[in-house]
Amino acid sequence: MVTKEQILDALRKVIDPEIGKDIVDLGMVHNIGIDDGHVVVDIHLTIKGCPLQNKIRDDVIAAISALTGVKSVKVNMGEMTNDEKQALNKRFGQKREALFENTHVIAVGSGKGGVGKSTITANLALALHKLGYKVGLIDTDILGYSIPRLLGTKGKQATAIDKHTIMPIEAHGIKTISMGNFMPEEDVALIWRGPILGGILEQFFSDVYWGDLDYLVLDLPPGTGDVPLSVLQRIPTSKLLLITTPQSSAAHVAGRLGNMAEKVNVDMLGIIENMSYFICPNCSAKHYIFGQGETEAIAKILNTEILGQIPLDIEIRQDSDNGIPTVLKEGDDSAKIYMGIAERIAEKLPVSCPKND
């Protein structure tokens, strides 16, 4: 005869897709009944009408049905009580306290807008994931968010378990959160001042359940305003990855952000030069449309290195508009460049034991 202990052991293999933990550890399994091989079990999910409840139900049925002696399985899906949610939230809180201790935080910034910072951020986060790491991405540009469009999560709403616990959205294997995932429409304007923005960012840092991450990538708003400063001060262990283009104006403005990071004791990870050159599709000649040398000069001033140069490529723009990051395209030349940069980052910020093995 099958026992409750055997059923619980089997259900430890059933993972909540949003939280990434097994449903037994999460306290979701209740009232296991066994009658001559016929099993009835209650599963309490974090929210009523969870969009993934059918998958969880199917996984539960499959796990129990595989046990010897089981003739049938009935699963009653319900919602956690407030007490159960508070207990789960307390467990999340214990995880959050040590979130950044074992996670490399990479703040991706630029001196001004229009240099492709968010596109690079999204592609690098996915490139790190492709290398075998667990990666999170926070869109800290609350007013000018673009990560949902770039990752193809536009229109996908974030889920709140309670007022203190938000589940990040999964996109191509990474966890992400953006103000765009709370807005009904992409074109709605947010007219908020600094204190409100700071409160939203704090929720993204403290109230989103990130789980165990190797790398947390932050897409900073452009410039040296309140939000980039607040983010760098909030996470002083982060490393700044500076994005610029070859023009003198862009490079020197980017240098100001590097100087700001130095003043708040945030180390530079390096510089990525975007739109570095254009390769003629007819003759394969490399053209430096925006010039050369300025990024090298800024790197020397900031005592850092250039981690990579990304070409001006119409396919990158098209991929971004379509929510299909270039790095996902196997064999693509630009994707190979992104992967090479991610490898250099992983060398500079090593992870002793990747969590995505």
# chains A, B, ... in the order shown; residues from 1 in each chain; ligands from 1
call {"tool": "select_by_dssp", "arguments": {"residues": "segment 258-343 of chain A", "states": "alpha helix (DSSP H)", "output": "ChimeraX atom specification"}}
result
/A:258-263,294-301,314-321,333-343
call {"tool": "residues_around", "arguments": {"residues": "Leu150 of chain A", "least_positions_apart": "6", "cutoff": "7 Å", "atoms": "only C-alpha atoms", "output": "ChimeraX atom specification"}}
result
/A:119,122,320-321,323-325
call {"tool": "closest_residue", "arguments": {"among": "A:His30, A:Val135, A:Val2, A:Val115", "to": "Val70 of chain A", "atoms": "only C-alpha atoms"}}
result
A:Val2
call {"tool": "atom_distance", "arguments": {"atom1": "atom CA of Arg12 of chain A", "atom2": "atom CA of Met28 of chain A"}}
result
10.8 Å
call {"tool": "closest_residue", "arguments": {"among": "A:Thr81, A:Ser238, A:Asn181, A:Thr68", "to": "Val266 of chain A", "atoms": "only C-alpha atoms"}}
result
A:Ser238
call {"tool": "closest_atom_pairs", "arguments": {"of": "segment 218-320 of chain A", "to": "segment 160-180 of chain A", "cutoff": "12 Å", "atoms": "only C-alpha atoms", "output": "Markdown table"}}
result
| residue | atom | partner | partner_atom | distance |
| --- | --- | --- | --- | --- |
| A:Leu218 | CA | A:Thr176 | CA | 9.9 |
| A:Asp219 | CA | A:Ser178 | CA | 9.8 |
| A:Leu220 | CA | A:Ser178 | CA | 11.6 |
call {"tool": "residues_around", "arguments": {"residues": "Ile120 of chain A", "least_positions_apart": "6", "cutoff": "9 Å", "atoms": "only C-alpha atoms", "output": "compact mmCIF listing (two decimals) with N, CA and C atoms, in the first residue's frame"}}
result
# COMPACT_ATOMS: atom_id res chain seq x y z
N VAL A 108 23.96 48.51 -15.34
CA VAL A 108 24.28 48.91 -16.71
C VAL A 108 23.77 50.33 -16.92
N ILE A 243 27.82 51.94 -20.96
CA ILE A 243 27.51 51.80 -22.38
C ILE A 243 27.66 53.16 -23.06
N ILE A 272 31.27 49.07 -22.70
CA ILE A 272 30.89 48.46 -23.98
C ILE A 272 30.60 49.59 -24.96
N ASN A 274 28.83 50.64 -28.23
CA ASN A 274 27.77 50.22 -29.14
C ASN A 274 27.85 51.02 -30.44
N TYR A 338 27.97 39.29 -28.26
CA TYR A 338 27.35 39.37 -26.93
C TYR A 338 27.84 38.22 -26.04
call {"tool": "closest_residue", "arguments": {"among": "A:Lys263, A:Lys112, A:Arg317, A:Arg234", "to": "Ala251 of chain A", "atoms": "only C-alpha atoms"}}
result
A:Lys112
call {"tool": "closest_residue", "arguments": {"among": "A:Asp35, A:Glu262, A:His287, A:Asp212", "to": "Asn303 of chain A", "atoms": "only C-alpha atoms"}}
result
A:Glu262
call {"tool": "atom_distance", "arguments": {"atom1": "atom CA of Ala107 of chain A", "atom2": "atom CA of Gly136 of chain A"}}
result
11.9 Å
call {"tool": "atom_distance", "arguments": {"atom1": "atom CA of Lys239 of chain A", "atom2": "atom CA of His104 of chain A"}}
result
8.0 Å
call {"tool": "residues_around", "arguments": {"residues": "Lys300 of chain A", "least_positions_apart": "6", "cutoff": "12 Å", "atoms": "only C-alpha atoms", "output": "short mmCIF file (atom, residue, chain, number, x, y, z; two decimals) with all heavy atoms, in the first residue's frame"}}
result
data_model
loop_
_atom_site.label_atom_id
_atom_site.label_comp_id
_atom_site.auth_asym_id
_atom_site.auth_seq_id
_atom_site.Cartn_x
_atom_site.Cartn_y
_atom_site.Cartn_z
N ALA A 251 30.68 59.74 -25.52
CA ALA A 251 31.72 59.16 -24.67
C ALA A 251 31.98 60.03 -23.45
O ALA A 251 32.12 59.51 -22.32
CB ALA A 251 33.00 58.96 -25.48
N GLY A 255 31.37 59.41 -19.45
CA GLY A 255 32.41 59.57 -18.43
C GLY A 255 31.90 60.19 -17.15
O GLY A 255 32.40 59.91 -16.06
N GLY A 258 30.58 57.53 -14.99
CA GLY A 258 31.72 56.83 -14.39
C GLY A 258 32.28 57.59 -13.21
O GLY A 258 32.62 57.00 -12.17
N GLY A 270 33.59 47.82 -16.59
CA GLY A 270 34.16 48.02 -17.91
C GLY A 270 33.22 48.85 -18.77
O GLY A 270 32.20 49.37 -18.30
N ILE A 271 33.59 48.99 -20.04
CA ILE A 271 32.82 49.78 -20.99
C ILE A 271 32.49 48.91 -22.20
O ILE A 271 33.31 48.11 -22.65
CB ILE A 271 33.60 51.02 -21.46
CG1 ILE A 271 33.94 51.93 -20.27
CG2 ILE A 271 32.82 51.80 -22.51
CD1 ILE A 271 34.78 53.14 -20.65
N GLY A 293 38.27 56.07 -31.28
CA GLY A 293 39.24 56.57 -30.32
C GLY A 293 38.70 57.21 -29.06
O GLY A 293 39.38 57.21 -28.03
N GLU A 294 37.47 57.72 -29.11
CA GLU A 294 36.94 58.43 -27.94
C GLU A 294 36.68 57.47 -26.77
O GLU A 294 36.94 57.80 -25.61
CB GLU A 294 35.66 59.18 -28.30
CG GLU A 294 35.85 60.33 -29.26
CD GLU A 294 36.68 61.46 -28.66
OE1 GLU A 294 36.75 61.55 -27.41
OE2 GLU A 294 37.26 62.23 -29.44
N ILE A 306 37.68 48.27 -22.20
CA ILE A 306 36.57 48.06 -23.11
C ILE A 306 36.33 46.56 -23.23
O ILE A 306 37.21 45.81 -23.66
CB ILE A 306 36.86 48.68 -24.50
CG1 ILE A 306 37.09 50.18 -24.37
CG2 ILE A 306 35.72 48.38 -25.46
CD1 ILE A 306 37.50 50.85 -25.66
#
call {"tool": "select_by_dssp", "arguments": {"residues": "segment 16-66 of chain A", "states": "strand (DSSP E)", "output": "ChimeraX atom specification"}}
result
/A:29-35,38-45
call {"tool": "closest_residue", "arguments": {"among": "A:Glu305, A:Glu5, A:Glu84, A:Glu296", "to": "Ile64 of chain A", "atoms": "only C-alpha atoms"}}
result
A:Glu5
call {"tool": "residues_around", "arguments": {"residues": "Ile34 of chain A", "least_positions_apart": "6", "cutoff": "8 Å", "atoms": "only C-alpha atoms", "output": "PDB file with N, CA, C and O atoms, in the first residue's frame"}}
result
ATOM      1  N   VAL A   2       0.475   2.213  -0.795  1.00  0.00           N
ATOM      2  CA  VAL A   2       1.191   3.474  -0.841  1.00  0.00           C
ATOM      3  C   VAL A   2       0.954   4.247   0.456  1.00  0.00           C
ATOM      4  O   VAL A   2      -0.127   4.171   1.056  1.00  0.00           O
ATOM      5  N   THR A   3       1.972   4.983   0.915  1.00  0.00           N
ATOM      6  CA  THR A   3       1.866   5.725   2.176  1.00  0.00           C
ATOM      7  C   THR A   3       1.926   7.226   1.918  1.00  0.00           C
ATOM      8  O   THR A   3       2.332   7.689   0.838  1.00  0.00           O
ATOM      9  N   LYS A   4       1.537   8.001   2.941  1.00  0.00           N
ATOM     10  CA  LYS A   4       1.602   9.456   2.829  1.00  0.00           C
ATOM     11  C   LYS A   4       3.047   9.924   2.657  1.00  0.00           C
ATOM     12  O   LYS A   4       3.312  10.889   1.936  1.00  0.00           O
ATOM     13  N   VAL A  40      -6.466  11.186  -2.790  1.00  0.00           N
ATOM     14  CA  VAL A  40      -7.034  12.531  -2.911  1.00  0.00           C
ATOM     15  C   VAL A  40      -6.096  13.483  -2.171  1.00  0.00           C
ATOM     16  O   VAL A  40      -5.719  13.209  -1.016  1.00  0.00           O
TER      17      VAL A  40
END
call {"tool": "decode", "arguments": {"residues": "segment 150-184 of chain A", "atoms": "N, CA, C and O atoms", "output": "PDB file, in the first residue's frame"}}
result
ATOM      1  N   LEU A 150      11.641  44.564 -25.179  1.00  0.00           N
ATOM      2  CA  LEU A 150      12.862  43.906 -25.649  1.00  0.00           C
ATOM      3  C   LEU A 150      12.850  42.402 -25.376  1.00  0.00           C
ATOM      4  O   LEU A 150      13.382  41.616 -26.153  1.00  0.00           O
ATOM      5  N   LEU A 151      12.238  41.998 -24.261  1.00  0.00           N
ATOM      6  CA  LEU A 151      12.212  40.582 -23.890  1.00  0.00           C
ATOM      7  C   LEU A 151      10.947  39.862 -24.356  1.00  0.00           C
ATOM      8  O   LEU A 151      10.803  38.658 -24.142  1.00  0.00           O
ATOM      9  N   GLY A 152      10.037  40.610 -24.969  1.00  0.00           N
ATOM     10  CA  GLY A 152       8.813  39.987 -25.425  1.00  0.00           C
ATOM     11  C   GLY A 152       7.812  39.719 -24.331  1.00  0.00           C
ATOM     12  O   GLY A 152       6.931  38.860 -24.472  1.00  0.00           O
ATOM     13  N   THR A 153       7.906  40.449 -23.204  1.00  0.00           N
ATOM     14  CA  THR A 153       6.956  40.259 -22.098  1.00  0.00           C
ATOM     15  C   THR A 153       5.946  41.391 -22.024  1.00  0.00           C
ATOM     16  O   THR A 153       5.257  41.549 -21.016  1.00  0.00           O
ATOM     17  N   LYS A 154       5.882  42.213 -23.069  1.00  0.00           N
ATOM     18  CA  LYS A 154       4.931  43.329 -23.105  1.00  0.00           C
ATOM     19  C   LYS A 154       3.515  42.786 -22.953  1.00  0.00           C
ATOM     20  O   LYS A 154       3.102  41.874 -23.655  1.00  0.00           O
ATOM     21  N   GLY A 155       2.769  43.340 -22.015  1.00  0.00           N
ATOM     22  CA  GLY A 155       1.408  42.897 -21.766  1.00  0.00           C
ATOM     23  C   GLY A 155       1.292  41.799 -20.729  1.00  0.00           C
ATOM     24  O   GLY A 155       0.185  41.458 -20.305  1.00  0.00           O
ATOM     25  N   LYS A 156       2.414  41.246 -20.300  1.00  0.00           N
ATOM     26  CA  LYS A 156       2.393  40.203 -19.272  1.00  0.00           C
ATOM     27  C   LYS A 156       2.459  40.855 -17.903  1.00  0.00           C
ATOM     28  O   LYS A 156       3.367  41.616 -17.606  1.00  0.00           O
ATOM     29  N   GLN A 157       1.487  40.576 -17.061  1.00  0.00           N
ATOM     30  CA  GLN A 157       1.371  41.215 -15.761  1.00  0.00           C
ATOM     31  C   GLN A 157       2.133  40.438 -14.691  1.00  0.00           C
ATOM     32  O   GLN A 157       2.107  39.200 -14.666  1.00  0.00           O
ATOM     33  N   ALA A 158       2.818  41.185 -13.818  1.00  0.00           N
ATOM     34  CA  ALA A 158       3.487  40.564 -12.673  1.00  0.00           C
ATOM     35  C   ALA A 158       2.440  40.121 -11.654  1.00  0.00           C
ATOM     36  O   ALA A 158       1.359  40.704 -11.560  1.00  0.00           O
ATOM     37  N   THR A 159       2.783  39.092 -10.885  1.00  0.00           N
ATOM     38  CA  THR A 159       1.862  38.531  -9.901  1.00  0.00           C
ATOM     39  C   THR A 159       2.306  38.872  -8.491  1.00  0.00           C
ATOM     40  O   THR A 159       3.472  38.697  -8.150  1.00  0.00           O
ATOM     41  N   ALA A 160       1.376  39.358  -7.675  1.00  0.00           N
ATOM     42  CA  ALA A 160       1.654  39.649  -6.267  1.00  0.00           C
ATOM     43  C   ALA A 160       0.973  38.601  -5.403  1.00  0.00           C
ATOM     44  O   ALA A 160      -0.242  38.404  -5.492  1.00  0.00           O
ATOM     45  N   ILE A 161       1.766  37.902  -4.589  1.00  0.00           N
ATOM     46  CA  ILE A 161       1.199  36.920  -3.662  1.00  0.00           C
ATOM     47  C   ILE A 161       0.472  37.645  -2.544  1.00  0.00           C
ATOM     48  O   ILE A 161      -0.619  37.281  -2.134  1.00  0.00           O
ATOM     49  N   ASP A 162       1.113  38.681  -2.017  1.00  0.00           N
ATOM     50  CA  ASP A 162       0.498  39.577  -1.035  1.00  0.00           C
ATOM     51  C   ASP A 162       1.172  40.926  -1.200  1.00  0.00           C
ATOM     52  O   ASP A 162       1.933  41.152  -2.130  1.00  0.00           O
ATOM     53  N   LYS A 163       0.897  41.860  -0.292  1.00  0.00           N
ATOM     54  CA  LYS A 163       1.413  43.211  -0.473  1.00  0.00           C
ATOM     55  C   LYS A 163       2.915  43.309  -0.251  1.00  0.00           C
ATOM     56  O   LYS A 163       3.519  44.352  -0.496  1.00  0.00           O
ATOM     57  N   HIS A 164       3.540  42.239   0.212  1.00  0.00           N
ATOM     58  CA  HIS A 164       4.983  42.250   0.450  1.00  0.00           C
ATOM     59  C   HIS A 164       5.750  41.267  -0.448  1.00  0.00           C
ATOM     60  O   HIS A 164       6.966  41.168  -0.325  1.00  0.00           O
ATOM     61  N   THR A 165       5.067  40.538  -1.317  1.00  0.00           N
ATOM     62  CA  THR A 165       5.748  39.526  -2.120  1.00  0.00           C
ATOM     63  C   THR A 165       5.254  39.569  -3.559  1.00  0.00           C
ATOM     64  O   THR A 165       4.088  39.292  -3.823  1.00  0.00           O
ATOM     65  N   ILE A 166       6.163  39.908  -4.479  1.00  0.00           N
ATOM     66  CA  ILE A 166       5.863  39.963  -5.905  1.00  0.00           C
ATOM     67  C   ILE A 166       6.697  38.895  -6.607  1.00  0.00           C
ATOM     68  O   ILE A 166       7.888  38.745  -6.325  1.00  0.00           O
ATOM     69  N   MET A 167       6.085  38.178  -7.513  1.00  0.00           N
ATOM     70  CA  MET A 167       6.805  37.169  -8.266  1.00  0.00           C
ATOM     71  C   MET A 167       7.335  37.787  -9.559  1.00  0.00           C
ATOM     72  O   MET A 167       6.578  38.438 -10.290  1.00  0.00           O
ATOM     73  N   PRO A 168       8.621  37.619  -9.856  1.00  0.00           N
ATOM     74  CA  PRO A 168       9.148  38.145 -11.120  1.00  0.00           C
ATOM     75  C   PRO A 168       8.600  37.354 -12.301  1.00  0.00           C
ATOM     76  O   PRO A 168       8.095  36.248 -12.141  1.00  0.00           O
ATOM     77  N   ILE A 169       8.700  37.949 -13.464  1.00  0.00           N
ATOM     78  CA  ILE A 169       8.264  37.292 -14.703  1.00  0.00           C
ATOM     79  C   ILE A 169       9.449  36.538 -15.298  1.00  0.00           C
ATOM     80  O   ILE A 169      10.586  37.020 -15.245  1.00  0.00           O
ATOM     81  N   GLU A 170       9.186  35.374 -15.852  1.00  0.00           N
ATOM     82  CA  GLU A 170      10.252  34.630 -16.512  1.00  0.00           C
ATOM     83  C   GLU A 170      10.223  34.896 -18.006  1.00  0.00           C
ATOM     84  O   GLU A 170       9.162  34.867 -18.639  1.00  0.00           O
ATOM     85  N   ALA A 171      11.403  35.189 -18.560  1.00  0.00           N
ATOM     86  CA  ALA A 171      11.519  35.451 -19.992  1.00  0.00           C
ATOM     87  C   ALA A 171      12.770  34.764 -20.523  1.00  0.00           C
ATOM     88  O   ALA A 171      13.881  35.120 -20.128  1.00  0.00           O
ATOM     89  N   HIS A 172      12.591  33.771 -21.357  1.00  0.00           N
ATOM     90  CA  HIS A 172      13.709  33.047 -21.983  1.00  0.00           C
ATOM     91  C   HIS A 172      14.682  32.486 -20.943  1.00  0.00           C
ATOM     92  O   HIS A 172      15.885  32.419 -21.177  1.00  0.00           O
ATOM     93  N   GLY A 173      14.164  32.130 -19.766  1.00  0.00           N
ATOM     94  CA  GLY A 173      15.000  31.504 -18.751  1.00  0.00           C
ATOM     95  C   GLY A 173      15.533  32.434 -17.679  1.00  0.00           C
ATOM     96  O   GLY A 173      16.141  31.967 -16.715  1.00  0.00           O
ATOM     97  N   ILE A 174      15.336  33.753 -17.817  1.00  0.00           N
ATOM     98  CA  ILE A 174      15.771  34.681 -16.770  1.00  0.00           C
ATOM     99  C   ILE A 174      14.553  35.256 -16.057  1.00  0.00           C
ATOM    100  O   ILE A 174      13.441  35.249 -16.591  1.00  0.00           O
ATOM    101  N   LYS A 175      14.769  35.752 -14.842  1.00  0.00           N
ATOM    102  CA  LYS A 175      13.708  36.396 -14.073  1.00  0.00           C
ATOM    103  C   LYS A 175      13.817  37.907 -14.254  1.00  0.00           C
ATOM    104  O   LYS A 175      14.918  38.455 -14.221  1.00  0.00           O
ATOM    105  N   THR A 176      12.683  38.565 -14.433  1.00  0.00           N
ATOM    106  CA  THR A 176      12.733  39.999 -14.704  1.00  0.00           C
ATOM    107  C   THR A 176      11.526  40.716 -14.119  1.00  0.00           C
ATOM    108  O   THR A 176      10.469  40.108 -13.905  1.00  0.00           O
ATOM    109  N   ILE A 177      11.705  41.999 -13.848  1.00  0.00           N
ATOM    110  CA  ILE A 177      10.601  42.833 -13.383  1.00  0.00           C
ATOM    111  C   ILE A 177      10.786  44.232 -13.959  1.00  0.00           C
ATOM    112  O   ILE A 177      11.917  44.709 -14.102  1.00  0.00           O
ATOM    113  N   SER A 178       9.691  44.852 -14.326  1.00  0.00           N
ATOM    114  CA  SER A 178       9.706  46.195 -14.896  1.00  0.00           C
ATOM    115  C   SER A 178       8.396  46.877 -14.562  1.00  0.00           C
ATOM    116  O   SER A 178       7.365  46.222 -14.380  1.00  0.00           O
ATOM    117  N   MET A 179       8.430  48.201 -14.482  1.00  0.00           N
ATOM    118  CA  MET A 179       7.186  48.930 -14.276  1.00  0.00           C
ATOM    119  C   MET A 179       6.215  48.643 -15.411  1.00  0.00           C
ATOM    120  O   MET A 179       4.992  48.675 -15.225  1.00  0.00           O
ATOM    121  N   GLY A 180       6.761  48.305 -16.588  1.00  0.00           N
ATOM    122  CA  GLY A 180       5.910  47.984 -17.725  1.00  0.00           C
ATOM    123  C   GLY A 180       5.059  46.762 -17.506  1.00  0.00           C
ATOM    124  O   GLY A 180       4.034  46.579 -18.186  1.00  0.00           O
ATOM    125  N   ASN A 181       5.444  45.894 -16.545  1.00  0.00           N
ATOM    126  CA  ASN A 181       4.660  44.706 -16.243  1.00  0.00           C
ATOM    127  C   ASN A 181       3.540  44.972 -15.252  1.00  0.00           C
ATOM    128  O   ASN A 181       2.861  44.034 -14.825  1.00  0.00           O
ATOM    129  N   PHE A 182       3.365  46.241 -14.893  1.00  0.00           N
ATOM    130  CA  PHE A 182       2.257  46.630 -14.021  1.00  0.00           C
ATOM    131  C   PHE A 182       1.309  47.604 -14.721  1.00  0.00           C
ATOM    132  O   PHE A 182       0.308  48.007 -14.150  1.00  0.00           O
ATOM    133  N   MET A 183       1.649  47.979 -15.961  1.00  0.00           N
ATOM    134  CA  MET A 183       0.872  48.971 -16.693  1.00  0.00           C
ATOM    135  C   MET A 183      -0.078  48.287 -17.667  1.00  0.00           C
ATOM    136  O   MET A 183       0.292  47.331 -18.347  1.00  0.00           O
ATOM    137  N   PRO A 184      -1.328  48.794 -17.772  1.00  0.00           N
ATOM    138  CA  PRO A 184      -2.282  48.177 -18.701  1.00  0.00           C
ATOM    139  C   PRO A 184      -1.919  48.399 -20.161  1.00  0.00           C
ATOM    140  O   PRO A 184      -2.245  47.580 -21.020  1.00  0.00           O
TER     141      PRO A 184
END
